Amino acid sequence: MLKSQMVKTEAKKSYISLEPIGPLLIISPWNFPIWLPMKSCISQLCLGNTILFKPAPNVSLCADALQESMAWAGLEKEFQLLHLDPEDTEKVISHDKIRGVGFTGSTNAGRHIGEIAARHLKKF
């Protein structure tokens with residue numbers, strides 16, 4: 001699924017190539033505290049991106065268990081858990097090394113996170 005795909009264009013040779021872009025911040029809500037972040041993270045890990053995961057504060061034990069599972073699978077460098085306050089989240093998004101933000105949650109929170117990501121020219 002990840003191999004380059006040839007596409008027909010006016011050029012001699014055109015293709016689509018899926019490549020890692022770098023570290024991503026994944027922000028997840030309280031409901032479905034394992035499934036929702038994994039839905040976002042698995043495809044990105046398969047592409048070779050690293051994940052900084054910020055869970056909702058009220059599911060921190062589930063997030064800890066997820067971090068332990070990732071470490072058990074040998075992904076302790078590729079998947080890092082961040083317990084952040086909302087004001088610290090903007091600092092992480094604005095960091096030069098962060099290449100994009102994945103978000104699942106409410107419309108209002110998504111609008112706010114999207115504005116921050118746009119301000120710092122991050123994929124969202």
# chains A, B, ... in the order shown; residues from 1 in each chain; ligands from 1
>>> residues_around(residues="range 58-67 of chain A", least_positions_apart="3", cutoff="9 Å", atoms="only C-alpha atoms", output="list of chain:residue names")
A:Pro29, A:Trp30, A:Asn31, A:Pro33, A:Ile34, A:Met38, A:Phe53, A:Lys54, A:Pro55, A:Met70, A:Ala71, A:Trp72, A:Leu75, A:Glu76, A:Phe79, A:Gln80, A:Leu81, A:His83
>>> atom_distance(atom1="CA of Asp88 in chain A", atom2="CA of Glu115 in chain A")
15.2 Å
>>> select_by_dssp(residues="range 42-86 of chain A", states="strand (DSSP E or B)", output="list of chain:residue names")
A:Ile51, A:Leu52, A:Phe53, A:Lys54, A:Phe79, A:Gln80, A:Leu81
>>> select_by_dssp(residues="chain A", states="helix (DSSP H, G or I)", output="PyMOL selection string")
chain A and resi 35-47+57-72+86-94+107-119
>>> residues_around(residues="Ser40 in chain A", least_positions_apart="3", cutoff="9 Å", atoms="only C-alpha atoms", output="PyMOL selection string")
chain A and resi 26+35-37+43-44+102-104
>>> atom_distance(atom1="CA of Gly105 in chain A", atom2="CA of Asn49 in chain A")
21.8 Å
>>> closest_residue(among="A:Cys46, A:Val7, A:Leu25, A:His120", to="Val101 in chain A", atoms="only C-alpha atoms")
A:Leu25
>>> decode(residues="range 26-71 of chain A", atoms="N, CA and C atoms", output="mmCIF file, in the first residue's frame")
data_model
loop_
_atom_site.group_PDB
_atom_site.id
_atom_site.type_symbol
_atom_site.label_atom_id
_atom_site.label_comp_id
_atom_site.auth_asym_id
_atom_site.auth_seq_id
_atom_site.Cartn_x
_atom_site.Cartn_y
_atom_site.Cartn_z
ATOM 1 N N ILE A 26 -0.198 14.204 17.936
ATOM 2 C CA ILE A 26 -1.547 13.636 17.852
ATOM 3 C C ILE A 26 -2.278 13.978 19.147
ATOM 4 N N ILE A 27 -3.398 14.668 19.021
ATOM 5 C CA ILE A 27 -4.205 15.086 20.172
ATOM 6 C C ILE A 27 -5.506 14.293 20.123
ATOM 7 N N SER A 28 -5.845 13.652 21.241
ATOM 8 C CA SER A 28 -6.984 12.746 21.262
ATOM 9 C C SER A 28 -7.920 13.063 22.424
ATOM 10 N N PRO A 29 -9.230 12.835 22.257
ATOM 11 C CA PRO A 29 -10.206 13.110 23.309
ATOM 12 C C PRO A 29 -10.293 11.976 24.333
ATOM 13 N N TRP A 30 -11.181 12.134 25.275
ATOM 14 C CA TRP A 30 -11.323 11.178 26.373
ATOM 15 C C TRP A 30 -12.060 9.908 25.959
ATOM 16 N N ASN A 31 -13.009 10.026 25.006
ATOM 17 C CA ASN A 31 -13.787 8.832 24.654
ATOM 18 C C ASN A 31 -12.978 7.947 23.701
ATOM 19 N N PHE A 32 -13.105 6.677 23.855
ATOM 20 C CA PHE A 32 -12.314 5.694 23.101
ATOM 21 C C PHE A 32 -10.822 6.006 23.233
ATOM 22 N N PRO A 33 -10.290 6.003 24.456
ATOM 23 C CA PRO A 33 -8.929 6.495 24.710
ATOM 24 C C PRO A 33 -7.801 5.647 24.128
ATOM 25 N N ILE A 34 -8.091 4.457 23.658
ATOM 26 C CA ILE A 34 -7.069 3.644 22.989
ATOM 27 C C ILE A 34 -7.325 3.634 21.485
ATOM 28 N N TRP A 35 -8.556 3.363 21.083
ATOM 29 C CA TRP A 35 -8.863 3.197 19.671
ATOM 30 C C TRP A 35 -8.632 4.477 18.851
ATOM 31 N N LEU A 36 -9.125 5.625 19.325
ATOM 32 C CA LEU A 36 -8.987 6.855 18.541
ATOM 33 C C LEU A 36 -7.533 7.248 18.293
ATOM 34 N N PRO A 37 -6.668 7.251 19.309
ATOM 35 C CA PRO A 37 -5.273 7.596 18.989
ATOM 36 C C PRO A 37 -4.603 6.557 18.089
ATOM 37 N N MET A 38 -4.935 5.281 18.281
ATOM 38 C CA MET A 38 -4.314 4.251 17.445
ATOM 39 C C MET A 38 -4.744 4.402 15.990
ATOM 40 N N LYS A 39 -5.983 4.804 15.778
ATOM 41 C CA LYS A 39 -6.488 5.019 14.420
ATOM 42 C C LYS A 39 -5.624 6.053 13.689
ATOM 43 N N SER A 40 -5.213 7.079 14.402
ATOM 44 C CA SER A 40 -4.356 8.113 13.816
ATOM 45 C C SER A 40 -2.896 7.691 13.755
ATOM 46 N N CYS A 41 -2.444 6.995 14.767
ATOM 47 C CA CYS A 41 -1.009 6.720 14.915
ATOM 48 C C CYS A 41 -0.505 5.573 14.044
ATOM 49 N N ILE A 42 -1.267 4.520 13.893
ATOM 50 C CA ILE A 42 -0.777 3.329 13.183
ATOM 51 C C ILE A 42 -0.332 3.673 11.769
ATOM 52 N N SER A 43 -1.172 4.390 11.023
ATOM 53 C CA SER A 43 -0.798 4.711 9.643
ATOM 54 C C SER A 43 0.436 5.598 9.601
ATOM 55 N N GLN A 44 0.549 6.520 10.531
ATOM 56 C CA GLN A 44 1.708 7.423 10.537
ATOM 57 C C GLN A 44 2.985 6.692 10.933
ATOM 58 N N LEU A 45 2.883 5.785 11.888
ATOM 59 C CA LEU A 45 4.049 4.979 12.262
ATOM 60 C C LEU A 45 4.483 4.095 11.096
ATOM 61 N N CYS A 46 3.511 3.535 10.375
ATOM 62 C CA CYS A 46 3.835 2.707 9.201
ATOM 63 C C CYS A 46 4.544 3.516 8.124
ATOM 64 N N LEU A 47 4.212 4.783 8.003
ATOM 65 C CA LEU A 47 4.860 5.649 7.022
ATOM 66 C C LEU A 47 6.259 6.071 7.470
ATOM 67 N N GLY A 48 6.567 5.883 8.755
ATOM 68 C CA GLY A 48 7.889 6.255 9.253
ATOM 69 C C GLY A 48 7.915 7.547 10.038
ATOM 70 N N ASN A 49 6.748 8.117 10.303
ATOM 71 C CA ASN A 49 6.702 9.326 11.125
ATOM 72 C C ASN A 49 6.791 8.950 12.597
ATOM 73 N N THR A 50 7.297 9.861 13.400
ATOM 74 C CA THR A 50 7.279 9.663 14.842
ATOM 75 C C THR A 50 6.084 10.415 15.417
ATOM 76 N N ILE A 51 5.606 9.933 16.553
ATOM 77 C CA ILE A 51 4.391 10.458 17.160
ATOM 78 C C ILE A 51 4.680 10.997 18.551
ATOM 79 N N LEU A 52 4.214 12.218 18.789
ATOM 80 C CA LEU A 52 4.102 12.764 20.137
ATOM 81 C C LEU A 52 2.607 12.749 20.421
ATOM 82 N N PHE A 53 2.210 12.038 21.450
ATOM 83 C CA PHE A 53 0.796 11.820 21.730
ATOM 84 C C PHE A 53 0.361 12.590 22.960
ATOM 85 N N LYS A 54 -0.646 13.470 22.781
ATOM 86 C CA LYS A 54 -1.226 14.220 23.889
ATOM 87 C C LYS A 54 -2.658 13.733 24.089
ATOM 88 N N PRO A 55 -2.878 12.961 25.159
ATOM 89 C CA PRO A 55 -4.239 12.491 25.451
ATOM 90 C C PRO A 55 -5.022 13.539 26.241
ATOM 91 N N ALA A 56 -6.321 13.323 26.325
ATOM 92 C CA ALA A 56 -7.134 14.134 27.234
ATOM 93 C C ALA A 56 -6.650 13.860 28.664
ATOM 94 N N PRO A 57 -6.638 14.883 29.520
ATOM 95 C CA PRO A 57 -6.096 14.701 30.871
ATOM 96 C C PRO A 57 -6.833 13.678 31.726
ATOM 97 N N ASN A 58 -8.107 13.431 31.456
ATOM 98 C CA ASN A 58 -8.865 12.505 32.304
ATOM 99 C C ASN A 58 -8.722 11.042 31.883
ATOM 100 N N VAL A 59 -7.867 10.732 30.908
ATOM 101 C CA VAL A 59 -7.603 9.339 30.525
ATOM 102 C C VAL A 59 -6.094 9.054 30.562
ATOM 103 N N SER A 60 -5.438 9.657 31.511
ATOM 104 C CA SER A 60 -3.976 9.531 31.573
ATOM 105 C C SER A 60 -3.515 8.092 31.834
ATOM 106 N N LEU A 61 -4.278 7.309 32.591
ATOM 107 C CA LEU A 61 -3.873 5.920 32.836
ATOM 108 C C LEU A 61 -3.972 5.078 31.562
ATOM 109 N N CYS A 62 -4.992 5.332 30.750
ATOM 110 C CA CYS A 62 -5.099 4.641 29.457
ATOM 111 C C CYS A 62 -3.928 5.039 28.561
ATOM 112 N N ALA A 63 -3.572 6.313 28.575
ATOM 113 C CA ALA A 63 -2.438 6.783 27.770
ATOM 114 C C ALA A 63 -1.135 6.153 28.244
ATOM 115 N N ASP A 64 -0.982 6.021 29.556
ATOM 116 C CA ASP A 64 0.214 5.359 30.092
ATOM 117 C C ASP A 64 0.284 3.906 29.614
ATOM 118 N N ALA A 65 -0.864 3.225 29.619
ATOM 119 C CA ALA A 65 -0.907 1.834 29.154
ATOM 120 C C ALA A 65 -0.578 1.757 27.661
ATOM 121 N N LEU A 66 -1.039 2.724 26.907
ATOM 122 C CA LEU A 66 -0.728 2.767 25.479
ATOM 123 C C LEU A 66 0.770 2.975 25.260
ATOM 124 N N GLN A 67 1.370 3.867 26.032
ATOM 125 C CA GLN A 67 2.819 4.089 25.945
ATOM 126 C C GLN A 67 3.581 2.812 26.294
ATOM 127 N N GLU A 68 3.158 2.120 27.322
ATOM 128 C CA GLU A 68 3.812 0.859 27.696
ATOM 129 C C GLU A 68 3.686 -0.177 26.586
ATOM 130 N N SER A 69 2.518 -0.244 25.951
ATOM 131 C CA SER A 69 2.311 -1.185 24.840
ATOM 132 C C SER A 69 3.230 -0.853 23.666
ATOM 133 N N MET A 70 3.376 0.420 23.369
ATOM 134 C CA MET A 70 4.263 0.829 22.276
ATOM 135 C C MET A 70 5.720 0.503 22.604
ATOM 136 N N ALA A 71 6.108 0.701 23.838
ATOM 137 C CA ALA A 71 7.473 0.357 24.245
ATOM 138 C C ALA A 71 7.685 -1.152 24.150
#
